[in-house]
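Enquirer: Can you read through this structure? Questions will come right after.
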Amino acid sequence: PDQLEFFGVAIANTTMSEAIDWIVRRVREDRPATIAFVNPDCLNIAYGNPEYREVLSKVERVLPDGIGIRFGCRILGTSLRANVNGTDMFPRLCERCAHENLSLFLLGARPGIARQAAENMLQRYPNLKIAGSCDGYFAPDAENEIIETINRSGADILLVAFGVPKQELWLWKHRSRLKPRVAMGVGGLFDFYSG
Ligand code: UDP
């Protein structure tokens with residue numbers, strides 16, 4: 001099956017390369033999509049947080065982050081094709097975007113971290129277009145300005161790292177105002193790639 005229902009969340013049963021193809025296609029076809037990665041910890045948070053649970057039921061795509069979901073599916077008697085997590089996806093997505101001439105905006109993490117992660121990816125993929133980056137500790141009244149900055153940057157894809165579930169709730173709340181066609185919550189991704 002294309003999706004597996006796991007504790008009430010429909011998880012895409014896909015592979016890394018198909019997931020990246022899917023993202024590129026959504027951008028090319030101008031069809032907005034929000035993507036959430038979930039691991040067992042996220043399901044645990046969803047269990048106690050109806051707002052986050054609702055967002056997970058509404059986003060266009062939920063991807064299985066880490067081996068925990070795969071193990072869980074096996075225990076429940078179904079089999080998930082792959083572990084499609086954000087950490088493995090990021091460099092591959094950057095490589096593909098460089099090739100396809102699609103640009104990324106990185107929002108979130110402590111000041112300087114997203115920019116450093118962007119610079120590290122630019123070293124690896126010199127043709128990559130980073131439309132912009134911004135830290136995730138802005139004041140609430142700076143929110144409109146940040147959304148404007150993202151939209152003006154012309155980014156095709158937005159990566160947001162505020163942690164679960166803040167990033168998913170934020171993306172869902174602002175989805176109609178955000179111009180990047182594909183947006184996804186990526187947790188500690190920028191911290192990981194800023195080293
Ligand atoms: N973060 C942020 N703004 C906030 C709270 C958190 O930008 O208001 C960032 C934090 O600096 C870190 C990321 O969000 O880079 C959360 O990482 P974590 O590994 O905790 O994410 P999760 O485990 O929830 O995926």
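Letters A, B, ... go to the chains of the structure tokens in the order shown; residues in each chain start at 1; ligands are counted from 1 in the same order.
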Hey, what does DSSP flag as strand (DSSP E or B) within segment 138-191 of chain A? Can you give it to me as a VMD selection string?
Expert: chain A and resid 157 to 161 182 to 185
Enquirer: Based on the backbone DSSP call, show me all residues of chain A assigned helix (DSSP H, G or I), as a PyMOL selection string.
Expert: chain A and resi 16-28+40-48+50-58+67-75+86-100+113-124+140-153+166-173+189-193
Enquirer: Which residues sit within 12 Å of ligand 1, counting only C-alpha atoms and all ligand atoms, listed as a VMD selection string?
Expert: chain A and resid 36 to 45 65 to 66 85 to 87 106 to 114 117 133 to 140 159 to 168 170 184 to 194
Enquirer: If you count only C-alpha atoms, which residues fall within 7 Å of Lys129 of chain A, apart from same-chain ones fewer than 2 positions away, as number ranges by chain?
Expert: A: 98, 102-104, 127, 131
Enquirer: Which residues of segment 21-76 of chain A come within 12 Å of segment 3-6 of chain A, and what is each one's closest atom pair and distance in Å (one decimal), counting only C-alpha atoms, sorted by chain and residue number, as a tab-separated table?
Expert:
```
residue	atom	partner	partner_atom	distance
A:Val38	CA	A:Phe6	CA	10.6
A:Asn39	CA	A:Phe6	CA	10.8
A:Pro40	CA	A:Phe6	CA	10.0
A:Cys42	CA	A:Phe6	CA	11.8
A:Leu43	CA	A:Phe6	CA	8.9
A:Asn44	CA	A:Phe6	CA	11.8
A:Ala46	CA	A:Phe6	CA	11.9
A:Tyr47	CA	A:Phe6	CA	11.9
A:Leu56	CA	A:Phe6	CA	11.5
A:Ser57	CA	A:Glu5	CA	10.5
A:Glu60	CA	A:Gln3	CA	11.6
A:Arg61	CA	A:Gln3	CA	9.6
A:Val62	CA	A:Gln3	CA	9.2
A:Leu63	CA	A:Gln3	CA	9.7
A:Pro64	CA	A:Leu4	CA	10.0
A:Gly68	CA	A:Phe6	CA	11.6
A:Ile69	CA	A:Phe6	CA	8.3
A:Arg70	CA	A:Phe6	CA	10.1
A:Phe71	CA	A:Phe6	CA	11.4
A:Gly72	CA	A:Phe6	CA	8.3
A:Cys73	CA	A:Phe6	CA	7.2
A:Arg74	CA	A:Phe6	CA	10.9
A:Ile75	CA	A:Phe6	CA	11.1
A:Leu76	CA	A:Phe6	CA	8.7
```
Enquirer: Out of A:Leu158, A:Ile147, A:Asn49, A:Glu29, which residue has the shortest atom-to-atom distance to Phe90 of chain A when counting only C-alpha atoms?
Expert: A:Leu158
Enquirer: Could you tell me how far atom CA of Cys97 of chain A lies from atom CA of Lys58 of chain A, in Å and to one decimal?
Expert: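 That distance, rounded to one decimal, is 25.9 Å.
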Enquirer: Could you please determine the separation between atom CA of Gln116 of chain A and atom CA of Arg26 of chain A in Å, to one decimal place?
Expert: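 Computing it gives 27.3 Å between the two atoms.
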Enquirer: Which is closer to Arg25 of chain A than all the others in A:Phe105, A:Pro50, A:Glu100, A:Asn144, using only C-alpha atoms?
Expert: A:Glu100
Enquirer: Record the distance separating atom CA of Ile23 of chain A and atom CA of Arg81 of chain A, expressed in Å with one decimal.
Expert: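 If I compute the distance from atom CA of Ile23 of chain A to atom CA of Arg81 of chain A, I get 18.0 Å.
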Enquirer: What's around Glu95 of chain A at 10 Å? Count only C-alpha atoms, leave out sequence neighbours fewer than 5 positions away in its own chain, and write the answer as a compact mmCIF listing (two decimals) with C-alpha atoms, in the first residue's frame.
Expert:
```txt
# COMPACT_ATOMS: atom_id res chain seq x y z
CA MET A 89 17.18 13.29 3.03
CA PHE A 90 18.80 16.72 3.45
CA GLU A 100 16.91 20.93 -10.77
CA ASN A 101 17.67 24.58 -10.08
CA MET A 121 25.77 22.22 1.81
CA LEU A 122 27.04 24.89 -0.62
CA ARG A 124 29.28 20.07 -1.20
CA TYR A 125 26.93 21.24 -3.95
CA PRO A 126 28.26 24.51 -5.38
CA ASN A 127 25.29 24.88 -7.76
CA LEU A 128 22.84 24.76 -4.88
```
Enquirer: Select, from A:Val27, A:Ala183, A:Ala33, A:Leu80, the residue with the minimum atom-to-atom distance to Ala12 of chain A, counting only C-alpha atoms.
Expert: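 For Ala12 of chain A, the nearest of the candidates is A:Leu80.
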Enquirer: A:Glu145, A:Ser176, A:Arg31, A:Val9: which is nearest Tyr52 of chain A, counting only C-alpha atoms?
Expert: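 Between A:Glu145, A:Ser176, A:Arg31, A:Val9, the residue approaching Tyr52 of chain A most closely is A:Val9.
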Enquirer: Mind checking which residues fall within 12 Å of Arg152 of chain A, counting only C-alpha atoms, ignoring those fewer than 3 positions away in the same chain, and posting them as a list in words?
Expert: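 Here the qualifying residues turn out to be Phe105, Ala131, Gly132, Glu145, Ile146, Ile147, Glu148, Thr149, Ala155, Asp156, Arg177, Leu178, Lys179 and Pro180 of chain A.
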Enquirer: Grab the residues selected above and save them as a compact mmCIF listing (two decimals), in the first residue's frame with C-alpha atoms.
Expert:
```txt
# COMPACT_ATOMS: atom_id res chain seq x y z
CA PHE A 105 15.04 28.53 2.57
CA ALA A 131 17.38 31.54 -1.08
CA GLY A 132 17.89 32.54 2.53
CA GLU A 145 8.40 40.12 8.48
CA ILE A 146 9.92 36.61 8.45
CA ILE A 147 7.10 35.29 6.29
CA GLU A 148 7.64 38.25 3.94
CA THR A 149 11.37 37.51 3.80
CA ALA A 155 12.42 29.83 -2.33
CA ASP A 156 10.76 26.75 -3.79
CA ARG A 177 0.57 32.67 3.30
CA LEU A 178 3.80 30.82 2.59
CA LYS A 179 4.88 30.84 -1.04
CA PRO A 180 7.38 27.97 -1.13
```
